[in-house]
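Peer 1: mmCIF, C-alpha atoms, file data-v3.cif:
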data_my_file
loop_
_atom_site.label_atom_id
_atom_site.label_comp_id
_atom_site.auth_asym_id
_atom_site.auth_seq_id
_atom_site.Cartn_x
_atom_site.Cartn_y
_atom_site.Cartn_z
CA MET A 1 72.46 -10.53 -22.99
CA GLN A 2 68.83 -11.42 -23.62
CA VAL A 3 65.41 -9.77 -23.69
CA SER A 4 62.36 -11.88 -22.87
CA PHE A 5 58.69 -11.04 -23.14
CA ALA A 6 58.65 -10.56 -19.35
CA ASP A 7 61.46 -7.99 -19.70
CA CYS A 8 59.57 -6.16 -22.43
CA LYS A 9 56.34 -6.18 -20.46
CA ARG A 10 58.05 -4.82 -17.36
CA GLU A 11 60.29 -2.24 -19.04
CA LEU A 12 58.10 -1.06 -21.90
CA LEU A 13 54.49 -2.17 -21.69
CA GLY A 14 54.52 -1.02 -18.08
CA ARG A 15 55.19 2.52 -19.33
CA ALA A 16 52.48 2.46 -22.01
CA ASN A 17 49.44 4.70 -21.71
CA ALA A 18 45.82 3.49 -21.84
CA ASN A 19 46.00 3.15 -25.64
CA GLY A 20 49.06 0.95 -25.41
CA ARG A 21 47.54 -1.28 -22.77
CA THR A 22 44.29 -1.51 -24.73
CA VAL A 23 45.96 -2.53 -28.01
CA TYR A 24 47.91 -5.22 -26.16
CA ASN A 25 44.82 -6.61 -24.42
CA GLU A 26 42.83 -6.56 -27.68
CA TRP A 27 45.65 -8.34 -29.49
CA ARG A 28 45.68 -11.10 -26.87
CA ARG A 29 41.92 -11.63 -27.27
CA ARG A 30 41.74 -11.78 -31.06
CA PRO A 31 39.94 -14.93 -32.23
CA HIS A 32 42.27 -17.61 -33.61
CA TRP A 33 45.43 -15.68 -32.63
CA ASP A 34 46.30 -18.01 -29.74
CA GLU A 35 49.32 -19.47 -31.56
CA VAL A 36 51.01 -16.14 -32.25
CA VAL A 37 50.21 -14.82 -28.77
CA ALA A 38 51.90 -17.88 -27.25
CA PHE A 39 54.83 -17.46 -29.65
CA VAL A 40 55.43 -13.80 -28.77
CA GLU A 41 54.85 -14.16 -25.04
CA GLY A 42 57.25 -17.10 -24.96
CA PHE A 43 59.89 -15.46 -27.14
CA THR A 44 63.32 -14.50 -25.84
CA HIS A 45 65.92 -12.74 -27.99
CA ARG A 46 69.40 -14.12 -27.31
CA ASN A 47 71.19 -14.66 -30.61
CA LEU A 48 70.12 -11.21 -31.80
CA PHE A 49 72.43 -9.60 -29.25
CA GLU A 50 75.37 -11.78 -30.28
CA LEU A 51 75.40 -10.34 -33.80
CA THR A 52 78.10 -7.91 -34.91
CA PRO A 53 78.32 -5.37 -37.74
CA ASP A 54 80.86 -7.58 -39.51
CA MET A 55 78.43 -10.50 -39.44
CA LEU A 56 75.76 -8.30 -41.01
CA ARG A 57 78.17 -7.11 -43.71
CA ALA A 58 78.95 -10.72 -44.63
CA VAL A 59 75.23 -11.47 -44.96
CA MET A 60 74.64 -8.43 -47.16
CA GLU A 61 77.61 -9.18 -49.39
CA SER A 62 76.50 -12.75 -50.02
CA SER A 63 72.77 -12.10 -50.48
CA VAL A 64 70.99 -12.29 -53.79
CA HIS A 65 69.23 -9.01 -54.67
CA PRO A 66 66.09 -9.12 -52.48
CA LEU A 67 63.89 -7.41 -55.08
CA GLY A 68 65.32 -9.08 -58.16
CA ASP A 69 64.05 -7.15 -61.18
CA VAL A 70 60.65 -6.36 -59.65
CA GLN A 71 59.68 -2.67 -59.79
CA LYS A 72 57.45 -0.73 -57.40
CA GLU A 73 54.83 -0.32 -60.14
CA GLU A 74 54.22 -4.07 -59.89
CA ALA A 75 53.09 -3.85 -56.26
CA ILE A 76 49.51 -4.89 -55.53
CA LYS A 77 47.90 -2.81 -52.78
CA SER A 78 45.99 -5.67 -51.17
CA ILE A 79 49.22 -7.67 -50.91
CA GLU A 80 51.03 -4.65 -49.48
CA ASP A 81 48.29 -4.24 -46.87
CA PHE A 82 47.82 -7.93 -46.05
CA THR A 83 48.10 -8.92 -42.40
CA CYS A 84 47.65 -12.21 -40.57
CA PRO A 85 48.46 -13.43 -37.03
CA PHE A 86 52.16 -14.01 -37.76
CA ALA A 87 53.90 -10.87 -38.97
CA LEU A 88 57.02 -11.08 -41.10
CA GLN A 89 59.04 -9.82 -38.11
CA HIS A 90 57.92 -12.86 -36.11
CA ILE A 91 59.14 -15.19 -38.84
CA PHE A 92 62.43 -13.36 -39.38
CA HIS A 93 63.40 -13.23 -35.71
CA GLY A 94 62.21 -16.77 -35.21
CA TYR A 95 64.77 -17.78 -37.84
CA VAL A 96 67.53 -15.78 -36.10
CA GLU A 97 66.88 -17.42 -32.74
CA GLU A 98 66.38 -20.90 -34.18
CA THR A 99 69.54 -20.90 -36.33
CA GLY A 100 71.78 -18.43 -34.50
CA SER A 101 72.34 -16.51 -37.73
CA VAL A 102 70.84 -13.81 -39.92
CA PRO A 103 69.50 -15.26 -43.16
CA ARG A 104 70.74 -14.14 -46.53
CA TRP A 105 67.86 -13.15 -48.79
CA GLN A 106 67.82 -16.51 -50.54
CA GLU A 107 67.67 -18.30 -47.17
CA PHE A 108 64.86 -16.10 -45.90
CA ASP A 109 62.94 -16.57 -49.14
CA ASP A 110 63.31 -20.35 -48.84
CA PHE A 111 62.21 -20.26 -45.20
CA ILE A 112 59.08 -18.24 -46.04
CA HIS A 113 58.14 -20.62 -48.86
CA ASN A 114 58.92 -23.83 -46.98
CA GLY A 115 59.71 -23.93 -43.25
CA ALA A 116 57.38 -21.06 -42.30
CA ARG A 117 54.95 -21.40 -45.19
CA SER A 118 51.91 -21.99 -42.96
CA LYS A 119 52.53 -18.83 -40.97
CA TRP A 120 52.35 -16.19 -43.71
CA LEU A 121 52.35 -17.42 -47.31
CA GLU A 122 49.46 -19.87 -46.97
CA PRO A 123 47.22 -17.31 -45.23
CA LEU A 124 48.07 -14.82 -47.99
CA ARG A 125 47.27 -17.33 -50.73
CA GLY A 126 44.00 -18.11 -48.98
CA ALA A 127 43.07 -14.43 -49.06
CA LEU A 128 43.97 -13.76 -52.72
CA ALA A 129 40.47 -14.56 -53.97
CA SER A 130 39.10 -11.68 -51.88
CA PHE A 131 41.48 -9.07 -53.35
CA PRO A 132 39.68 -6.83 -55.88
CA GLU A 133 42.87 -6.25 -57.90
CA VAL A 134 43.30 -10.00 -58.35
CA HIS A 135 39.71 -10.38 -59.57
CA GLU A 136 40.32 -7.63 -62.10
CA MET A 137 43.62 -9.14 -63.23
CA VAL A 138 42.12 -12.61 -63.73
CA GLY A 139 39.37 -11.11 -65.91
CA LYS A 140 41.93 -9.20 -67.94
CA TRP A 141 44.82 -11.68 -68.26
CA GLY A 142 43.59 -15.07 -67.07
CA ARG A 143 44.72 -17.11 -64.09
CA ASP A 144 48.20 -18.16 -65.21
CA ARG A 145 49.44 -14.68 -66.12
CA THR A 146 47.78 -13.24 -63.01
CA TRP A 147 49.59 -15.74 -60.78
CA GLU A 148 52.92 -14.71 -62.29
CA LYS A 149 52.14 -11.08 -61.51
CA VAL A 150 51.00 -11.99 -58.00
CA LYS A 151 54.27 -13.85 -57.35
CA ARG A 152 56.23 -10.76 -58.38
CA ALA A 153 54.10 -8.57 -56.11
CA ILE A 154 54.76 -10.98 -53.24
CA ARG A 155 58.50 -10.75 -53.99
CA TRP A 156 58.22 -6.96 -53.78
CA ARG A 157 56.53 -7.13 -50.38
CA LEU A 158 58.95 -9.69 -48.98
CA GLY A 159 62.06 -8.07 -50.47
CA LYS A 160 61.19 -4.68 -48.99
CA PHE A 161 60.61 -6.25 -45.60
CA TYR A 162 63.94 -8.06 -45.73
CA LEU A 163 65.83 -4.85 -46.56
CA SER A 164 64.10 -3.13 -43.65
CA ALA A 165 64.87 -5.97 -41.21
CA ILE A 166 68.55 -5.97 -42.13
CA ARG A 167 68.71 -2.19 -41.78
CA GLU A 168 67.28 -2.31 -38.27
CA ILE A 169 69.60 -5.09 -37.11
CA ASP A 170 72.57 -3.26 -38.60
CA LEU A 171 71.58 -0.18 -36.60
CA LEU A 172 71.18 -2.23 -33.43
CA THR A 173 74.59 -3.90 -33.76
CA ARG A 174 76.45 -0.69 -34.59
CA LEU A 175 74.93 1.27 -31.71
CA ARG A 176 75.54 -1.55 -29.26
CA GLU A 177 79.15 -1.64 -30.46
CA LEU A 178 79.31 1.99 -29.24
CA SER A 179 78.06 0.78 -25.82
CA VAL A 180 74.52 2.07 -26.34
CA PRO A 181 72.40 -0.47 -24.40
CA LEU A 182 69.60 -0.86 -26.95
CA ARG A 183 66.94 -3.46 -26.26
CA TYR A 184 64.50 -5.10 -28.66
CA HIS A 185 61.51 -7.40 -28.55
CA LEU A 186 58.96 -8.47 -31.14
CA LEU A 187 56.05 -7.25 -29.04
CA ALA A 188 57.47 -3.72 -28.96
CA ASP A 189 58.23 -3.67 -32.68
CA VAL A 190 55.08 -5.21 -34.14
CA LEU A 191 52.44 -3.99 -31.70
CA LEU A 192 53.72 -0.77 -30.11
CA ARG A 193 55.80 0.67 -33.00
CA VAL A 194 58.99 0.79 -30.92
CA ASP A 195 62.06 -0.37 -32.83
CA PHE A 196 64.41 -0.25 -29.82
CA TRP A 197 64.43 1.16 -26.34
CA THR A 198 66.73 2.01 -23.46
CA GLU A 199 65.96 2.91 -19.88
CA ASN A 200 65.10 6.48 -20.85
CA THR A 201 64.39 6.55 -24.59
CA LEU A 202 62.20 4.84 -27.18
CA VAL A 203 63.77 4.70 -30.65
CA CYS A 204 61.77 4.67 -33.90
CA VAL A 205 63.55 4.29 -37.24
CA TYR A 206 62.02 5.33 -40.55
CA PHE A 207 62.74 6.54 -44.06
CA GLU A 208 60.63 9.14 -45.78
CA ASN A 209 57.44 7.44 -46.93
CA PRO A 210 54.45 9.58 -45.88
CA THR A 211 51.85 7.13 -47.23
CA PHE A 212 53.22 4.21 -45.22
CA ARG A 213 53.68 6.24 -42.04
CA GLN A 214 50.12 7.57 -42.23
CA ARG A 215 48.76 4.00 -42.37
CA LYS A 216 50.11 3.19 -38.94
CA ARG A 217 49.54 4.78 -35.57
CA PRO A 218 52.64 6.60 -34.31
CA THR A 219 54.50 5.49 -31.21
CA GLU A 220 53.18 8.59 -29.43
CA HIS A 221 49.69 7.06 -29.59
CA PHE A 222 50.81 4.36 -27.16
CA PHE A 223 53.11 6.31 -24.83
CA THR A 224 52.73 9.59 -22.94
CA GLY A 225 55.48 11.55 -21.21
CA VAL A 226 58.24 9.32 -22.59
CA ASN A 227 61.26 10.50 -24.57
CA ILE A 228 60.81 9.23 -28.15
CA LEU A 229 63.60 9.56 -30.72
CA HIS A 230 62.62 9.35 -34.39
CA GLN A 231 65.62 8.53 -36.60
CA LYS A 232 65.29 9.08 -40.34
CA ILE A 233 67.36 6.92 -42.70
CA GLU A 234 68.17 8.56 -46.02
CA ARG A 235 67.08 6.85 -49.22
CA GLN A 236 70.05 5.29 -50.98
CA GLY A 237 68.81 3.88 -54.29
CA PHE A 238 66.68 1.02 -55.57
CA GLY A 239 67.17 -2.35 -53.92
CA ARG A 240 70.15 -1.33 -51.80
CA PHE A 241 70.52 -1.88 -48.08
CA TRP A 242 69.66 1.60 -46.78
CA LEU A 243 71.96 1.84 -43.79
CA ALA A 244 72.49 4.70 -41.36
CA SER A 245 75.61 6.75 -42.04
CA GLU A 246 78.44 6.81 -39.53
CA ALA A 247 77.52 10.41 -38.72
CA ALA A 248 73.90 9.42 -38.05
CA ILE A 249 75.04 6.56 -35.81
CA ARG A 250 77.23 8.86 -33.75
CA GLU A 251 74.46 11.45 -33.49
CA MET A 252 71.96 8.82 -32.37
CA ALA A 253 74.39 7.45 -29.78
CA ALA A 254 74.83 10.94 -28.34
CA GLN A 255 71.07 11.58 -28.25
CA ILE A 256 70.23 8.27 -26.62
CA ARG A 257 72.94 8.59 -23.98
#
Can you give me the file's structure in the form of structure tokens?

Peer 2:
Amino acid sequence: MQVSFADCKRELLGRANANGRTVYNEWRRRPHWDEVVAFVEGFTHRNLFELTPDMLRAVMESSVHPLGDVQKEEAIKSIEDFTCPFALQHIFHGYVEETGSVPRWQEFDDFIHNGARSKWLEPLRGALASFPEVHEMVGKWGRDRTWEKVKRAIRWRLGKFYLSAIREIDLLTRLRELSVPLRYHLLADVLLRVDFWTENTLVCVYFENPTFRQRKRPTEHFFTGVNILHQKIERQGFGRFWLASEAAIREMAAQIR
């Protein structure tokens, strides 16, 4: 089982409305985004579809707490909103395909800070001087203390992403174990807000966070006349892997079929 960019373009982008086609064409033409465009359009997911729920459980059980002792009050809005050509999803799935495994938090953290440093962390560090909160913090606390606070805010952003990525892969593996033929590609996830799709249904997973959802265009902006299933995941406590319940998995399987 594999899903290439060509598969995604044929099966999903081909069903997009004018908005979907426009956002794709604009993304391809962004100045200095040639590297990420080549990465995504050359990307094929193979190892992703070899993963099993048991493999995901082993990763979760052996991971260090992704958020550590960082609290949401330590988040810095400009860091939360930061974007650059390579999204965190690109880096995460690149790791999965390169290594054939899902990283534990400590492995993903090391990869972000070392192997993939130039793709996300360095662009973020280069942008810090333009963040108004950072200017204010330097004036109040000085550079050294500010950098410590910035590092904790980065941990918050990365830890939240990691929890979300594991949740989505867990959902994919459990539904596929029930013979639901879910498909995934980075282009669909990052650009078109489609977490998974089948021949007849687009699947979007979320947990209740109105502020975050309002910041992004909904899937319906890019598709017209297509069945779209929105699956809410219940909040399950600070820093935990918020996974879909067995009942939710069965309900989703029935709806998608």

Peer 1: Name the residues captured by the PyMOL selection byres ((chain A and resi 137-150) around 12) when it is applied to the shown file; answer as a list in words.

Peer 2: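 Listing what the PyMOL selection byres ((chain A and resi 137-150) around 12) selects in the shown file: Val70, Gln71, Glu73, Glu74, Ala75, Ile76, Lys77, Ser78, Ile79, Glu80, Leu124, Arg125, Leu128, Ala129, Phe131, Pro132, Glu133, Val134, His135, Glu136, Lys151, Arg152, Ala153, Ile154, Arg155, Trp156 and Arg157 of chain A.
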
Peer 1: Keeping only C-alpha atoms, write the selected residues as an mmCIF file, keeping the file's coordinate frame.

Peer 2:
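The result, stored in out34.cif:
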data_model
loop_
_atom_site.group_PDB
_atom_site.id
_atom_site.type_symbol
_atom_site.label_atom_id
_atom_site.label_comp_id
_atom_site.auth_asym_id
_atom_site.auth_seq_id
_atom_site.Cartn_x
_atom_site.Cartn_y
_atom_site.Cartn_z
ATOM 1 C CA VAL A 70 60.650 -6.360 -59.650
ATOM 2 C CA GLN A 71 59.680 -2.670 -59.790
ATOM 3 C CA GLU A 73 54.830 -0.320 -60.140
ATOM 4 C CA GLU A 74 54.220 -4.070 -59.890
ATOM 5 C CA ALA A 75 53.090 -3.850 -56.260
ATOM 6 C CA ILE A 76 49.510 -4.890 -55.530
ATOM 7 C CA LYS A 77 47.900 -2.810 -52.780
ATOM 8 C CA SER A 78 45.990 -5.670 -51.170
ATOM 9 C CA ILE A 79 49.220 -7.670 -50.910
ATOM 10 C CA GLU A 80 51.030 -4.650 -49.480
ATOM 11 C CA LEU A 124 48.070 -14.820 -47.990
ATOM 12 C CA ARG A 125 47.270 -17.330 -50.730
ATOM 13 C CA LEU A 128 43.970 -13.760 -52.720
ATOM 14 C CA ALA A 129 40.470 -14.560 -53.970
ATOM 15 C CA PHE A 131 41.480 -9.070 -53.350
ATOM 16 C CA PRO A 132 39.680 -6.830 -55.880
ATOM 17 C CA GLU A 133 42.870 -6.250 -57.900
ATOM 18 C CA VAL A 134 43.300 -10.000 -58.350
ATOM 19 C CA HIS A 135 39.710 -10.380 -59.570
ATOM 20 C CA GLU A 136 40.320 -7.630 -62.100
ATOM 21 C CA LYS A 151 54.270 -13.850 -57.350
ATOM 22 C CA ARG A 152 56.230 -10.760 -58.380
ATOM 23 C CA ALA A 153 54.100 -8.570 -56.110
ATOM 24 C CA ILE A 154 54.760 -10.980 -53.240
ATOM 25 C CA ARG A 155 58.500 -10.750 -53.990
ATOM 26 C CA TRP A 156 58.220 -6.960 -53.780
ATOM 27 C CA ARG A 157 56.530 -7.130 -50.380
#

Peer 1: Go ahead and compute the interatomic distance for CA of Arg176 (chain A) and CA of Gly94 (chain A), in Å to one decimal.

Peer 2: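 Rounded to one decimal, the two atoms are 21.1 Å apart.
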
Peer 1: What is the CA of Ala16 (chain A) to CA of Leu186 (chain A) distance in Å?

Peer 2: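 Taking CA of Ala16 (chain A) as the start and CA of Leu186 (chain A) as the end point, the length is 15.6 Å.
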
Peer 1: Taking into account only C-alpha atoms, which residue in the set A:Phe108, A:Trp33, A:Phe49, A:Phe92 is nearest to Asp170 (chain A)?

Peer 2: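 Result for the nearest residue to Asp170 (chain A): A:Phe49.
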
Peer 1: Grab the CA of Gly14 (chain A) to CA of Val203 (chain A) distance for me, in Å with one decimal place.

Peer 2: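 CA of Val203 (chain A) lies 16.6 Å from CA of Gly14 (chain A).
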
Peer 1: The residues within 9 Å of (69.9, -18.3, -35.0), using all atoms listed in the file and the coordinates of the file, should be reported as a PyMOL selection string; which are they?

Peer 2: chain A and resi 46-48+93-103

Peer 1: Enumerate, as a compact mmCIF listing (two decimals) with C-alpha atoms, keeping the file's coordinate frame, the residues matched when the PyMOL selection byres ((chain A and resi 113-119) around 9) is run on the file above.

Peer 2:
# COMPACT_ATOMS: atom_id res chain seq x y z
CA CYS A 84 47.65 -12.21 -40.57
CA PRO A 85 48.46 -13.43 -37.03
CA PHE A 86 52.16 -14.01 -37.76
CA ALA A 87 53.90 -10.87 -38.97
CA LEU A 88 57.02 -11.08 -41.10
CA ILE A 91 59.14 -15.19 -38.84
CA PHE A 108 64.86 -16.10 -45.90
CA ASP A 109 62.94 -16.57 -49.14
CA ASP A 110 63.31 -20.35 -48.84
CA PHE A 111 62.21 -20.26 -45.20
CA ILE A 112 59.08 -18.24 -46.04
CA TRP A 120 52.35 -16.19 -43.71
CA LEU A 121 52.35 -17.42 -47.31
CA GLU A 122 49.46 -19.87 -46.97
CA PRO A 123 47.22 -17.31 -45.23

Peer 1: Using only C-alpha atoms, can you tell me which of A:Asp195, A:Arg167, A:Ala254, A:Phe223 comes closest to Ser179 (chain A)?

Peer 2: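 Going through A:Asp195, A:Arg167, A:Ala254, A:Phe223 one by one, the smallest distance to Ser179 (chain A) is for A:Ala254.
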
Peer 1: Report as a PyMOL selection string the residues that result from applying the PyMOL selection byres ((chain A and resi 159) around 9) to the structure here.

Peer 2: chain A and resi 65-68+105+109+154-158+160-164+239

Peer 1: Using all atoms listed in the file, can you tell me which of A:Val180, A:Ala188, A:Cys204, A:Glu251 comes closest to Arg10 (chain A)?

Peer 2: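 Checking each of A:Val180, A:Ala188, A:Cys204, A:Glu251 against Arg10 (chain A), counting all atoms listed in the file, the winner is A:Ala188.
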
Peer 1: Using only C-alpha atoms, which of the listed residues (A:Ala165, A:Leu175, A:Ala18, A:Ala38) sits closest to Met60 (chain A)?

Peer 2: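 Nearest candidate to Met60 (chain A) out of A:Ala165, A:Leu175, A:Ala18, A:Ala38: A:Ala165.
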
Peer 1: With distances taken over all atoms listed in the file, which residue among A:Glu107, A:Asp69, A:Glu26, A:Glu177 lies nearest Leu51 (chain A)?

Peer 2: A:Glu177

Peer 1: Which residues are close to Thr52 (chain A), i.e. within 8 Å by only C-alpha atoms, leaving aside same-chain residues fewer than 4 positions away? Reply as a list of chain:residue names.

Peer 2: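 Listed by chain and then number, they are A:Leu56, A:Thr173, A:Arg174, A:Glu177.
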
Peer 1: With 12 Å as the threshold, what does the neighbourhood of (63.1, 6.6, -29.7) contain in terms of residues, counting only C-alpha atoms? Coordinates are those of the file; answer as a ChimeraX atom specification.

Peer 2: /A:182-184,188-189,192-206,218-220,223,226-232,252-253,255-257

Peer 1: Would you please take region 83-97 of chain A of the structure in the block above and write N, CA and C atoms to a file as a PDB file, in the first residue's frame?

Peer 2:
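Result file out.pdb:
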ATOM      1  N   THR A  83       4.970  30.268  10.499  1.00  0.00           N
ATOM      2  CA  THR A  83       4.966  29.326   9.376  1.00  0.00           C
ATOM      3  C   THR A  83       6.224  29.564   8.534  1.00  0.00           C
ATOM      4  N   CYS A  84       6.631  28.527   7.827  1.00  0.00           N
ATOM      5  CA  CYS A  84       7.743  28.626   6.897  1.00  0.00           C
ATOM      6  C   CYS A  84       7.496  27.564   5.823  1.00  0.00           C
ATOM      7  N   PRO A  85       8.305  27.489   4.783  1.00  0.00           N
ATOM      8  CA  PRO A  85       8.012  26.521   3.719  1.00  0.00           C
ATOM      9  C   PRO A  85       7.778  25.103   4.214  1.00  0.00           C
ATOM     10  N   PHE A  86       8.642  24.586   5.071  1.00  0.00           N
ATOM     11  CA  PHE A  86       8.463  23.227   5.580  1.00  0.00           C
ATOM     12  C   PHE A  86       7.602  23.256   6.838  1.00  0.00           C
ATOM     13  N   ALA A  87       6.440  22.628   6.758  1.00  0.00           N
ATOM     14  CA  ALA A  87       5.582  22.487   7.923  1.00  0.00           C
ATOM     15  C   ALA A  87       6.087  21.344   8.795  1.00  0.00           C
ATOM     16  N   LEU A  88       5.649  21.337  10.036  1.00  0.00           N
ATOM     17  CA  LEU A  88       6.058  20.256  10.936  1.00  0.00           C
ATOM     18  C   LEU A  88       5.594  18.893  10.430  1.00  0.00           C
ATOM     19  N   GLN A  89       4.436  18.856   9.759  1.00  0.00           N
ATOM     20  CA  GLN A  89       3.968  17.583   9.182  1.00  0.00           C
ATOM     21  C   GLN A  89       4.958  17.043   8.158  1.00  0.00           C
ATOM     22  N   HIS A  90       5.529  17.936   7.347  1.00  0.00           N
ATOM     23  CA  HIS A  90       6.514  17.498   6.353  1.00  0.00           C
ATOM     24  C   HIS A  90       7.691  16.816   7.040  1.00  0.00           C
ATOM     25  N   ILE A  91       8.160  17.424   8.103  1.00  0.00           N
ATOM     26  CA  ILE A  91       9.327  16.899   8.811  1.00  0.00           C
ATOM     27  C   ILE A  91       8.993  15.580   9.490  1.00  0.00           C
ATOM     28  N   PHE A  92       7.834  15.513  10.132  1.00  0.00           N
ATOM     29  CA  PHE A  92       7.436  14.295  10.843  1.00  0.00           C
ATOM     30  C   PHE A  92       7.297  13.115   9.884  1.00  0.00           C
ATOM     31  N   HIS A  93       6.567  13.308   8.796  1.00  0.00           N
ATOM     32  CA  HIS A  93       6.356  12.200   7.856  1.00  0.00           C
ATOM     33  C   HIS A  93       7.624  11.891   7.064  1.00  0.00           C
ATOM     34  N   GLY A  94       8.473  12.885   6.872  1.00  0.00           N
ATOM     35  CA  GLY A  94       9.760  12.598   6.276  1.00  0.00           C
ATOM     36  C   GLY A  94      10.561  11.639   7.140  1.00  0.00           C
ATOM     37  N   TYR A  95      10.488  11.825   8.454  1.00  0.00           N
ATOM     38  CA  TYR A  95      11.168  10.916   9.389  1.00  0.00           C
ATOM     39  C   TYR A  95      10.584   9.513   9.277  1.00  0.00           C
ATOM     40  N   VAL A  96       9.257   9.408   9.245  1.00  0.00           N
ATOM     41  CA  VAL A  96       8.604   8.092   9.177  1.00  0.00           C
ATOM     42  C   VAL A  96       9.048   7.334   7.936  1.00  0.00           C
ATOM     43  N   GLU A  97       9.069   8.017   6.799  1.00  0.00           N
ATOM     44  CA  GLU A  97       9.435   7.330   5.560  1.00  0.00           C
ATOM     45  C   GLU A  97      10.934   7.043   5.483  1.00  0.00           C
TER      46      GLU A  97
END
